[in-house]
Structure formats: C-alpha cells, structure tokens
>>> print(open('start.pdb').read())   # PDB, C-alpha atoms
MODEL        1
ATOM      1  CA  MET A  29       0.637  20.261 -30.119
ATOM      2  CA  ALA A  30      -0.478  18.127 -27.198
ATOM      3  CA  TYR A  31      -2.350  17.932 -23.924
ATOM      4  CA  HIS A  32      -1.652  20.842 -21.548
ATOM      5  CA  ALA A  33      -1.158  19.697 -17.965
ATOM      6  CA  ILE A  34      -3.050  21.261 -15.072
ATOM      7  CA  ALA A  35      -1.011  23.500 -12.786
ATOM      8  CA  ASN A  36      -0.315  21.627  -9.558
ATOM      9  CA  GLY A  37      -0.816  23.990  -6.630
ATOM     10  CA  ALA A  38       0.911  21.587  -4.208
ATOM     11  CA  PRO A  39       3.938  20.135  -6.045
ATOM     12  CA  ASP A  40       5.774  19.518  -2.767
ATOM     13  CA  LEU A  41       3.047  17.165  -1.502
ATOM     14  CA  ALA A  42       3.927  13.749  -2.916
ATOM     15  CA  LYS A  43       0.557  12.014  -2.523
ATOM     16  CA  ILE A  44      -1.374  14.970  -3.920
ATOM     17  CA  THR A  45       0.989  15.062  -6.906
ATOM     18  CA  LYS A  46       0.422  11.350  -7.533
ATOM     19  CA  ILE A  47      -3.357  11.747  -7.368
ATOM     20  CA  LEU A  48      -3.246  14.683  -9.777
ATOM     21  CA  HIS A  49      -1.097  12.630 -12.159
ATOM     22  CA  ARG A  50      -3.650   9.805 -12.040
ATOM     23  CA  ILE A  51      -6.577  12.179 -12.618
ATOM     24  CA  GLU A  52      -4.855  13.531 -15.697
ATOM     25  CA  ALA A  53      -3.610  10.179 -17.011
ATOM     26  CA  TYR A  54      -6.850   8.236 -16.443
ATOM     27  CA  TYR A  55      -9.471  10.886 -17.175
ATOM     28  CA  LEU A  56      -8.399  14.201 -18.679
ATOM     29  CA  ARG A  57      -5.814  13.076 -21.248
ATOM     30  CA  PRO A  58      -8.251  10.490 -22.678
ATOM     31  CA  VAL A  59     -10.970  13.159 -22.923
ATOM     32  CA  HIS A  60      -8.527  15.357 -24.845
ATOM     33  CA  THR A  61      -8.148  12.511 -27.346
ATOM     34  CA  LEU A  62     -11.882  11.740 -27.485
ATOM     35  CA  PHE A  63     -12.672  15.347 -28.398
ATOM     36  CA  ARG A  64     -10.862  14.743 -31.724
ATOM     37  CA  LEU A  65     -13.609  12.288 -32.726
ATOM     38  CA  PRO A  66     -15.374  11.824 -35.045
ATOM     39  CA  MET A  67     -12.513  11.659 -37.501
ATOM     40  CA  GLY A  68     -12.271   9.792 -40.801
ATOM     41  CA  GLU A  69     -13.722   6.308 -40.458
ATOM     42  CA  LEU A  70     -14.082   6.735 -36.680
ATOM     43  CA  GLN A  71     -17.504   8.363 -36.631
ATOM     44  CA  ASP A  72     -18.609   7.912 -33.022
ATOM     45  CA  ASN A  73     -18.816  11.285 -31.257
ATOM     46  CA  CYS A  74     -18.293   9.715 -27.793
ATOM     47  CA  GLN A  75     -20.379  12.417 -26.105
ATOM     48  CA  PHE A  76     -21.739   9.975 -23.521
ATOM     49  CA  VAL A  77     -18.273   8.597 -22.733
ATOM     50  CA  ILE A  78     -16.820  12.108 -22.475
ATOM     51  CA  ALA A  79     -19.545  13.168 -20.031
ATOM     52  CA  GLN A  80     -19.150   9.989 -17.984
ATOM     53  CA  THR A  81     -15.378  10.453 -17.803
ATOM     54  CA  LEU A  82     -15.620  14.096 -16.743
ATOM     55  CA  LEU A  83     -18.240  13.296 -14.110
ATOM     56  CA  SER A  84     -15.922  10.532 -12.861
ATOM     57  CA  THR A  85     -13.130  13.107 -12.690
ATOM     58  CA  ILE A  86     -15.273  15.213 -10.361
ATOM     59  CA  ALA A  87     -16.096  12.156  -8.247
ATOM     60  CA  SER A  88     -12.440  11.128  -8.048
ATOM     61  CA  ALA A  89     -11.264  14.593  -7.041
ATOM     62  CA  SER A  90     -14.028  14.839  -4.457
ATOM     63  CA  THR A  91     -13.060  11.584  -2.704
ATOM     64  CA  THR A  92      -9.262  11.847  -2.923
ATOM     65  CA  LEU A  93      -8.502  15.562  -2.682
ATOM     66  CA  TYR A  94     -11.617  17.221  -1.255
ATOM     67  CA  MET A  95     -12.871  14.605   1.240
ATOM     68  CA  ILE A  96     -15.547  16.819   2.799
ATOM     69  CA  GLY A  97     -18.983  15.235   3.181
ATOM     70  CA  ILE A  98     -20.638  12.260   4.780
ATOM     71  CA  ASN A  99     -21.124  10.338   1.524
ATOM     72  CA  ASP A 100     -20.018  10.299  -2.116
ATOM     73  CA  GLY A 101     -22.978  12.367  -3.306
ATOM     74  CA  GLU A 102     -22.380  15.106  -0.771
ATOM     75  CA  ARG A 103     -18.662  15.234  -1.585
ATOM     76  CA  PHE A 104     -19.424  15.373  -5.325
ATOM     77  CA  ARG A 105     -21.822  18.291  -4.899
ATOM     78  CA  ASN A 106     -19.660  20.151  -2.371
ATOM     79  CA  VAL A 107     -16.471  20.126  -4.440
ATOM     80  CA  LEU A 108     -18.474  21.587  -7.337
ATOM     81  CA  ILE A 109     -20.007  24.234  -5.087
ATOM     82  CA  ASP A 110     -16.651  25.239  -3.616
ATOM     83  CA  TYR A 111     -14.292  25.052  -6.613
ATOM     84  CA  TYR A 112     -16.073  24.876  -9.990
ATOM     85  CA  PRO A 113     -15.995  28.257 -11.835
ATOM     86  CA  TRP A 114     -19.718  28.960 -11.556
ATOM     87  CA  GLU A 115     -19.009  32.695 -11.467
ATOM     88  CA  THR A 116     -18.900  32.567 -15.276
ATOM     89  CA  GLU A 117     -22.308  30.830 -15.485
ATOM     90  CA  THR A 118     -25.937  31.912 -15.096
ATOM     91  CA  VAL A 119     -27.048  29.024 -12.845
ATOM     92  CA  THR A 120     -26.399  29.187  -9.101
ATOM     93  CA  ARG A 121     -23.617  26.932  -7.810
ATOM     94  CA  ASN A 122     -25.886  24.986  -5.452
ATOM     95  CA  GLU A 123     -28.513  24.283  -8.114
ATOM     96  CA  ALA A 124     -25.859  23.424 -10.715
ATOM     97  CA  ALA A 125     -24.152  20.942  -8.386
ATOM     98  CA  LYS A 126     -27.499  19.298  -7.659
ATOM     99  CA  ILE A 127     -28.357  19.068 -11.373
ATOM    100  CA  LEU A 128     -24.979  17.586 -12.304
ATOM    101  CA  TYR A 129     -25.303  14.941  -9.599
ATOM    102  CA  GLU A 130     -28.974  14.021  -9.878
ATOM    103  CA  GLN A 131     -29.679  14.484 -13.575
ATOM    104  CA  PHE A 132     -26.329  13.564 -15.097
ATOM    105  CA  ARG A 133     -23.868  11.758 -12.842
ATOM    106  CA  CYS A 134     -26.231   9.205 -11.275
ATOM    107  CA  PRO A 135     -28.206   8.372 -14.441
ATOM    108  CA  ILE A 136     -25.072   8.080 -16.607
ATOM    109  CA  VAL A 137     -23.083   5.999 -14.112
ATOM    110  CA  HIS A 138     -25.875   3.777 -12.785
ATOM    111  CA  ASP A 139     -28.821   3.759 -15.187
ATOM    112  CA  ALA A 140     -27.502   3.686 -18.797
ATOM    113  CA  GLY A 141     -28.317   7.394 -19.058
ATOM    114  CA  VAL A 142     -31.987   6.992 -18.084
ATOM    115  CA  ASN A 143     -33.188   8.918 -15.045
ATOM    116  CA  LEU A 144     -34.864   6.073 -13.141
ATOM    117  CA  ARG A 145     -35.221   8.121  -9.949
ATOM    118  CA  GLY A 146     -36.690  11.389 -11.146
ATOM    119  CA  GLY A 147     -39.331  10.650 -13.742
ATOM    120  CA  PRO A 148     -39.065  11.422 -17.474
ATOM    121  CA  ASP A 149     -35.618  12.091 -18.878
ATOM    122  CA  LYS A 150     -35.072  15.851 -18.876
ATOM    123  CA  ALA A 151     -31.306  15.917 -19.422
ATOM    124  CA  LYS A 152     -29.215  15.938 -22.588
ATOM    125  CA  VAL A 153     -25.460  15.902 -23.209
ATOM    126  CA  LEU A 154     -24.225  17.846 -26.233
ATOM    127  CA  ARG A 155     -20.865  18.574 -27.812
ATOM    128  CA  VAL A 156     -19.650  20.490 -30.844
ATOM    129  CA  ILE A 157     -19.412  18.492 -34.086
ATOM    130  CA  LYS A 158     -18.902  20.319 -37.388
ATOM    131  CA  ASN A 159     -18.878  18.640 -40.799
ATOM    132  CA  ASN A 160     -18.741  15.205 -39.120
ATOM    133  CA  GLU A 161     -15.450  16.102 -37.434
ATOM    134  CA  GLY A 162     -14.483  16.578 -33.822
ATOM    135  CA  LEU A 163     -12.532  19.475 -32.412
ATOM    136  CA  SER A 164      -9.186  20.521 -33.832
ATOM    137  CA  GLU A 165      -6.114  20.067 -31.665
ATOM    138  CA  GLU A 166      -5.828  23.837 -31.478
ATOM    139  CA  ARG A 167      -9.397  24.177 -30.190
ATOM    140  CA  ILE A 168      -8.886  21.483 -27.534
ATOM    141  CA  GLU A 169      -5.738  23.210 -26.340
ATOM    142  CA  PHE A 170      -7.752  26.444 -26.196
ATOM    143  CA  LEU A 171     -10.128  24.629 -23.812
ATOM    144  CA  GLU A 172      -7.073  23.773 -21.693
ATOM    145  CA  SER A 173      -6.159  27.413 -21.137
ATOM    146  CA  ARG A 174      -6.661  28.973 -17.734
ATOM    147  CA  ASP A 175      -8.906  31.727 -19.047
ATOM    148  CA  ARG A 176     -12.405  30.755 -20.094
ATOM    149  CA  PRO A 177     -12.687  30.927 -23.901
ATOM    150  CA  ALA A 178     -14.981  33.847 -24.763
ATOM    151  CA  ASP A 179     -17.096  31.754 -27.145
ATOM    152  CA  LEU A 180     -17.582  28.827 -24.752
ATOM    153  CA  ALA A 181     -21.224  27.937 -24.112
ATOM    154  CA  PRO A 182     -22.433  27.673 -20.488
ATOM    155  CA  THR A 183     -21.942  24.330 -18.753
ATOM    156  CA  LEU A 184     -25.684  23.996 -18.097
ATOM    157  CA  THR A 185     -28.652  25.576 -19.840
ATOM    158  CA  GLU A 186     -32.373  24.901 -19.684
ATOM    159  CA  ARG A 187     -34.329  24.812 -22.932
ATOM    160  CA  ASP A 188     -37.877  26.084 -23.332
ATOM    161  CA  ASP A 189     -39.164  22.485 -23.151
ATOM    162  CA  GLY A 190     -37.584  22.026 -19.695
ATOM    163  CA  VAL A 191     -34.677  19.863 -20.874
ATOM    164  CA  VAL A 192     -31.373  20.689 -19.157
ATOM    165  CA  VAL A 193     -28.419  20.614 -21.553
ATOM    166  CA  LEU A 194     -24.872  19.790 -20.425
ATOM    167  CA  ARG A 195     -22.151  21.057 -22.764
ATOM    168  CA  SER A 196     -19.139  18.761 -22.785
ATOM    169  CA  GLU A 197     -16.587  21.377 -23.835
ATOM    170  CA  ALA A 198     -17.615  23.737 -21.037
ATOM    171  CA  LEU A 199     -17.564  20.898 -18.514
ATOM    172  CA  TYR A 200     -14.030  19.949 -19.615
ATOM    173  CA  TRP A 201     -12.772  23.508 -19.139
ATOM    174  CA  GLY A 202     -14.629  23.854 -15.830
ATOM    175  CA  VAL A 203     -13.435  20.547 -14.373
ATOM    176  CA  ARG A 204      -9.828  21.406 -15.190
ATOM    177  CA  CYS A 205     -10.297  24.800 -13.517
ATOM    178  CA  MET A 206     -11.948  23.123 -10.506
ATOM    179  CA  VAL A 207      -9.028  20.736  -9.996
ATOM    180  CA  GLU A 208      -6.493  23.573 -10.316
ATOM    181  CA  ARG A 209      -8.349  25.647  -7.727
ATOM    182  CA  LEU A 210      -8.633  22.660  -5.429
ATOM    183  CA  THR A 211      -4.900  21.867  -5.504
ATOM    184  CA  ALA A 212      -4.155  25.555  -4.901
ATOM    185  CA  ASP A 213      -6.049  25.405  -1.584
ATOM    186  CA  ARG A 214      -3.042  24.770   0.641
ATOM    187  CA  GLU A 215      -4.931  23.983   3.846
ATOM    188  CA  ARG A 216      -7.228  21.499   2.090
ATOM    189  CA  MET A 217      -4.302  19.821   0.301
ATOM    190  CA  GLU A 218      -2.302  19.416   3.506
ATOM    191  CA  ARG A 219      -5.303  17.722   5.129
ATOM    192  CA  ALA A 220      -5.763  15.462   2.109
ATOM    193  CA  GLU A 221      -2.056  14.591   2.057
ATOM    194  CA  ALA A 222      -2.238  13.553   5.701
ATOM    195  CA  ALA A 223      -5.436  11.528   5.198
ATOM    196  CA  LEU A 224      -4.407   9.665   2.040
ATOM    197  CA  PRO A 225      -2.911   6.208   2.636
ATOM    198  CA  ASP A 226       0.815   5.732   2.196
ATOM    199  CA  HIS A 227       0.414   3.373  -0.758
ATOM    200  CA  VAL A 228      -1.010   6.138  -3.006
TER     201      VAL A 228
ENDMDL
END
>>> encode(input="start.pdb", output="structure tokens")
Amino acid sequence: MAYHAIANGAPDLAKITKILHRIEAYYLRPVHTLFRLPMGELQDNCQFVIAQTLLSTIASASTTLYMIGINDGERFRNVLIDYYPWETETVTRNEAAKILYEQFRCPIVHDAGVNLRGGPDKAKVLRVIKNNEGLSEERIEFLESRDRPADLAPTLTERDDGVVVLRSEALYWGVRCMVERLTADRERMERAEAALPDHV
C-alpha cells in the first residue's frame, strides 16, 4: 500500500505535468507520511506541520496553475472558491476561502500560529488520533480516493464558543480534489502552460 497519485487532467502539457509532480513530491506525499504519526516512539502528531503543508499546497497551485488574481491572497482565495469541493460542506465557498486565508494560512505561515491581525485566536487545527496512533495506511489511502469518504468531518466547523476548527483529514481530501479539478480545466491549464517559464 502506498500514496495514490492525483489524476492529471492535462498529461500532454509538459510544464503542467512537472508542476503537478512537484506539488505531489514536495507537499502531498510528505503529508501522507505525516498522517501515520504518532507511531511508536515518534509521538508528535504534526498537526501544525500538516496544516501548513496543505495550505502551502493551495498557495502553490494558485500561483503556478491558477494564476488568477492581482496578489497571492486573492489567488489563494479564488482557487479555493472555484475548485475546492465546497458542495459537500455547510459553509459557503466565499466565506470558507476567506477563513482559510485569514484565520489559518496567514497566521500559520507568518505568525507562529497566532492571529496577530484579527484579535484573539479563534482558530484551531485538529486531526484524528486514536490510542496515541496516527492513521492507518488503509485510512490514508481512503482519503486519497476520488469520492469523499462518508464519515469524513467537514473541512471547517464553528464551535459554540466561536472557535473555527479546521480538520486536517478533510483538508487533505479537499486539496487533492481541488488540484484534480484544476488540472481538468483544459482552458485554464493551456493558459498556465503558456505563462509558465520554460525552465519549469
């Protein structure tokens, strides 16, 4: 059992294929491995690192494959609005994209996880840990299926105390789905292929 690759919707476009390979090799394959933790003597759950890596995956896809927006923040939000599978969630796509950028991506990447721009910290990253063990290989591969697992929690939920919770497993499934949908958009991929530099 091993990592399941994302379906490449534009295998004939060389630069797109290289970018997709990098996204998988640098971000998604490592997250697959990190989901196995904690295990044995390795007791760190890596939930912060997993979230940071998945948010970086979104950022990378938005700047290399999506390319629509006047700045990084706008591209990040727009690729989520256009391609993330929000139809399976309760939050609206616009609000979810804003939350992921403002309450998770910026604080995690820039501020050691503290929301320095928006007042008290009202965001929390969670992942499934049972009996001090990470996910089984079978469960991770289930998250890599094209169909949303029926028992998968929503990507974002708001608790009664106002804290917004980001579920790492749902984000992993959703980001993979987002990238697949993005590469399947032929017109967008042809524009990205033409815009990417030759040294990709």
>>> axis_aligned_box(input="start.pdb", around="range 76-80 of chain A", padding_each_side="4 Å", output="JSON")
{"center_x": -19.3, "center_y": 10.9, "center_z": -20.8, "size_x": 12.9, "size_y": 12.6, "size_z": 13.5}
>>> resolve_selection(input="start.pdb", expression="the PyMOL selection byres ((chain A and resi 74) around 12)", output="VMD selection string")
chain A and resid 58 to 67 70 to 73 75 to 81 153 to 157 161 to 162 196
>>> residues_around(input="start.pdb", residues="Leu171 in chain A", least_positions_apart="6", cutoff="8 Å", atoms="all atoms listed in the file", output="list in words")
Pro177, Glu197, Tyr200 and Trp201 of chain A
>>> write_last_selection(input="start.pdb", atoms="C-alpha atoms", output="CSV table (one decimal), keeping the file's coordinate frame")
chain,number,residue,atom,x,y,z
A,177,PRO,CA,-12.7,30.9,-23.9
A,197,GLU,CA,-16.6,21.4,-23.8
A,200,TYR,CA,-14.0,19.9,-19.6
A,201,TRP,CA,-12.8,23.5,-19.1
>>> closest_atom_pairs(input="start.pdb", of="range 100-126 of chain A", to="range 214-228 of chain A", cutoff="12 Å", atoms="all atoms listed in the file", output="JSON lines")
{"residue": "A:Val107", "atom": "CA", "partner": "A:Arg216", "partner_atom": "CA", "distance": 11.4}
{"residue": "A:Asp110", "atom": "CA", "partner": "A:Arg216", "partner_atom": "CA", "distance": 11.6}
{"residue": "A:Tyr111", "atom": "CA", "partner": "A:Arg216", "partner_atom": "CA", "distance": 11.8}
>>> resolve_selection(input="start.pdb", expression="the PyMOL selection byres ((chain A and resi 129-139) around 12)", output="JSON, numbers by chain")
{"A": [75, 76, 77, 78, 79, 80, 81, 82, 83, 84, 85, 86, 87, 100, 101, 102, 103, 104, 105, 106, 107, 108, 109, 122, 123, 124, 125, 126, 127, 128, 140, 141, 142, 143, 144, 145, 146, 147, 148, 149, 150, 151, 152, 153, 184, 191, 192, 193, 194, 195, 196, 199]}
>>> residues_around(input="start.pdb", residues="Ala35 in chain A", least_positions_apart="3", cutoff="12 Å", atoms="all atoms listed in the file", output="PyMOL selection string")
chain A and resi 32+38-39+45+48-49+52+172-174+204-212
>>> atom_distance(input="start.pdb", atom1="CA of Arg187 in chain A", atom2="CA of Glu115 in chain A")
20.7 Å
>>> closest_residue(input="start.pdb", among="A:Thr91, A:Asn159, A:Thr118, A:Ser164", to="Thr185 in chain A", atoms="all atoms listed in the file")
A:Thr118
>>> atom_distance(input="start.pdb", atom1="CA of Gly202 in chain A", atom2="CA of Arg121 in chain A")
12.4 Å
>>> atom_distance(input="start.pdb", atom1="CA of Gly37 in chain A", atom2="CA of Asp213 in chain A")
7.4 Å
>>> closest_residue(input="start.pdb", among="A:Ala198, A:Met95, A:Ala53, A:Ala89", to="Thr116 in chain A", atoms="all atoms listed in the file")
A:Ala198
>>> decode(input="start.pdb", residues="range 69-207 of chain A", atoms="C-alpha atoms", output="compact mmCIF listing (two decimals), in the first residue's frame")
# COMPACT_ATOMS: atom_id res chain seq x y z
CA GLU A 69 8.46 6.35 19.90
CA LEU A 70 7.58 9.09 17.39
CA GLN A 71 4.79 10.75 19.35
CA ASP A 72 4.46 14.14 17.65
CA ASN A 73 1.11 14.41 15.86
CA CYS A 74 2.44 17.03 13.38
CA GLN A 75 -1.00 18.65 13.05
CA PHE A 76 0.51 22.13 12.66
CA VAL A 77 3.01 20.94 10.03
CA ILE A 78 0.29 19.06 8.14
CA ALA A 79 -1.94 22.15 8.05
CA GLN A 80 0.96 24.38 7.00
CA THR A 81 1.92 21.98 4.21
CA LEU A 82 -1.63 21.69 2.88
CA LEU A 83 -2.11 25.45 2.97
CA SER A 84 1.19 25.77 1.08
CA THR A 85 -0.16 23.29 -1.46
CA ILE A 86 -3.12 25.59 -2.08
CA ALA A 87 -0.80 28.60 -2.38
CA SER A 88 1.50 26.76 -4.80
CA ALA A 89 -1.35 25.60 -7.02
CA SER A 90 -2.85 29.08 -7.01
CA THR A 91 0.35 30.77 -8.24
CA THR A 92 1.55 28.13 -10.72
CA LEU A 93 -1.62 26.61 -12.16
CA TYR A 94 -4.45 29.03 -11.39
CA MET A 95 -2.73 32.44 -11.76
CA ILE A 96 -5.92 34.50 -11.50
CA GLY A 97 -5.78 37.45 -9.11
CA ILE A 98 -3.80 40.59 -8.50
CA ASN A 99 -1.91 39.24 -5.48
CA ASP A 100 -1.12 35.99 -3.66
CA GLY A 101 -4.03 36.35 -1.23
CA GLU A 102 -6.57 36.86 -3.99
CA ARG A 103 -5.22 33.90 -5.97
CA PHE A 104 -5.29 31.70 -2.84
CA ARG A 105 -8.92 32.56 -2.11
CA ASN A 106 -10.06 32.37 -5.74
CA VAL A 107 -8.65 28.91 -6.45
CA LEU A 108 -10.48 27.66 -3.34
CA ILE A 109 -13.70 29.35 -4.43
CA ASP A 110 -13.51 27.94 -7.95
CA TYR A 111 -12.18 24.40 -7.40
CA TYR A 112 -12.37 23.20 -3.78
CA PRO A 113 -15.29 20.75 -3.22
CA TRP A 114 -17.36 23.07 -1.03
CA GLU A 115 -20.55 21.47 -2.34
CA THR A 116 -20.04 18.76 0.29
CA GLU A 117 -19.69 21.33 3.11
CA THR A 118 -22.08 23.54 5.08
CA VAL A 119 -20.04 26.77 4.84
CA THR A 120 -20.29 28.94 1.73
CA ARG A 121 -17.29 28.83 -0.61
CA ASN A 122 -16.56 32.56 -0.33
CA GLU A 123 -16.65 32.57 3.47
CA ALA A 124 -14.62 29.35 3.68
CA ALA A 125 -11.91 30.72 1.39
CA LYS A 126 -11.71 33.88 3.48
CA ILE A 127 -11.48 31.88 6.73
CA LEU A 128 -8.76 29.58 5.40
CA TYR A 129 -6.69 32.55 4.25
CA GLU A 130 -7.19 34.97 7.13
CA GLN A 131 -7.54 32.66 10.12
CA PHE A 132 -5.30 29.78 9.10
CA ARG A 133 -2.92 30.40 6.21
CA CYS A 134 -1.59 33.83 7.24
CA PRO A 135 -1.27 33.12 10.98
CA ILE A 136 0.37 29.71 10.44
CA VAL A 137 2.81 30.89 7.76
CA HIS A 138 3.69 34.31 9.17
CA ASP A 139 2.83 34.49 12.87
CA ALA A 140 3.72 31.14 14.53
CA GLY A 141 0.02 30.26 14.51
CA VAL A 142 -1.07 33.39 16.40
CA ASN A 143 -3.58 35.66 14.68
CA LEU A 144 -1.76 38.99 15.06
CA ARG A 145 -4.08 40.79 12.63
CA GLY A 146 -7.53 39.81 13.81
CA GLY A 147 -7.60 39.89 17.58
CA PRO A 148 -7.86 36.85 19.87
CA ASP A 149 -7.06 33.46 18.38
CA LYS A 150 -10.33 31.89 17.24
CA ALA A 151 -8.93 29.11 15.05
CA LYS A 152 -7.87 25.56 15.86
CA VAL A 153 -6.38 22.76 13.75
CA LEU A 154 -7.43 19.22 14.65
CA ARG A 155 -6.70 15.75 13.33
CA VAL A 156 -7.73 12.22 14.25
CA ILE A 157 -5.50 10.44 16.78
CA LYS A 158 -6.69 7.20 18.38
CA ASN A 159 -4.82 5.34 21.11
CA ASN A 160 -1.75 7.55 20.54
CA GLU A 161 -1.50 6.37 16.94
CA GLY A 162 -1.92 8.14 13.64
CA LEU A 163 -3.99 6.96 10.72
CA SER A 164 -3.57 3.50 9.24
CA GLU A 165 -2.20 3.24 5.71
CA GLU A 166 -5.59 1.96 4.62
CA ARG A 167 -7.36 5.01 6.06
CA ILE A 168 -4.93 7.43 4.40
CA GLU A 169 -5.46 5.72 1.06
CA PHE A 170 -9.21 6.04 1.67
CA LEU A 171 -8.64 9.81 1.97
CA GLU A 172 -6.90 9.65 -1.42
CA SER A 173 -9.97 8.28 -3.18
CA ARG A 174 -11.91 10.48 -5.55
CA ASP A 175 -15.17 10.07 -3.67
CA ARG A 176 -15.49 11.86 -0.35
CA PRO A 177 -15.40 9.30 2.48
CA ALA A 178 -18.87 9.19 4.05
CA ASP A 179 -17.51 9.54 7.60
CA LEU A 180 -15.22 12.48 6.84
CA ALA A 181 -15.82 15.52 9.05
CA PRO A 182 -16.36 18.92 7.37
CA THR A 183 -13.25 20.92 6.50
CA LEU A 184 -14.40 23.86 8.64
CA THR A 185 -16.81 23.99 11.57
CA GLU A 186 -17.60 26.67 14.12
CA ARG A 187 -17.94 25.65 17.76
CA ASP A 188 -20.41 27.19 20.19
CA ASP A 189 -17.59 29.30 21.67
CA GLY A 190 -16.89 30.89 18.26
CA VAL A 191 -13.70 28.93 17.56
CA VAL A 192 -13.38 27.78 13.93
CA VAL A 193 -11.99 24.25 13.63
CA LEU A 194 -10.00 23.08 10.59
CA ARG A 195 -9.94 19.30 10.13
CA SER A 196 -6.69 18.13 8.57
CA GLU A 197 -8.05 14.93 7.04
CA ALA A 198 -10.88 16.78 5.29
CA LEU A 199 -8.47 19.45 4.06
CA TYR A 200 -6.17 16.75 2.63
CA TRP A 201 -9.03 15.13 0.71
CA GLY A 202 -10.35 18.52 -0.43
CA VAL A 203 -6.98 19.87 -1.59
CA ARG A 204 -6.35 16.74 -3.64
CA CYS A 205 -9.81 17.10 -5.20
CA MET A 206 -9.16 20.81 -5.86
CA VAL A 207 -5.91 20.10 -7.71
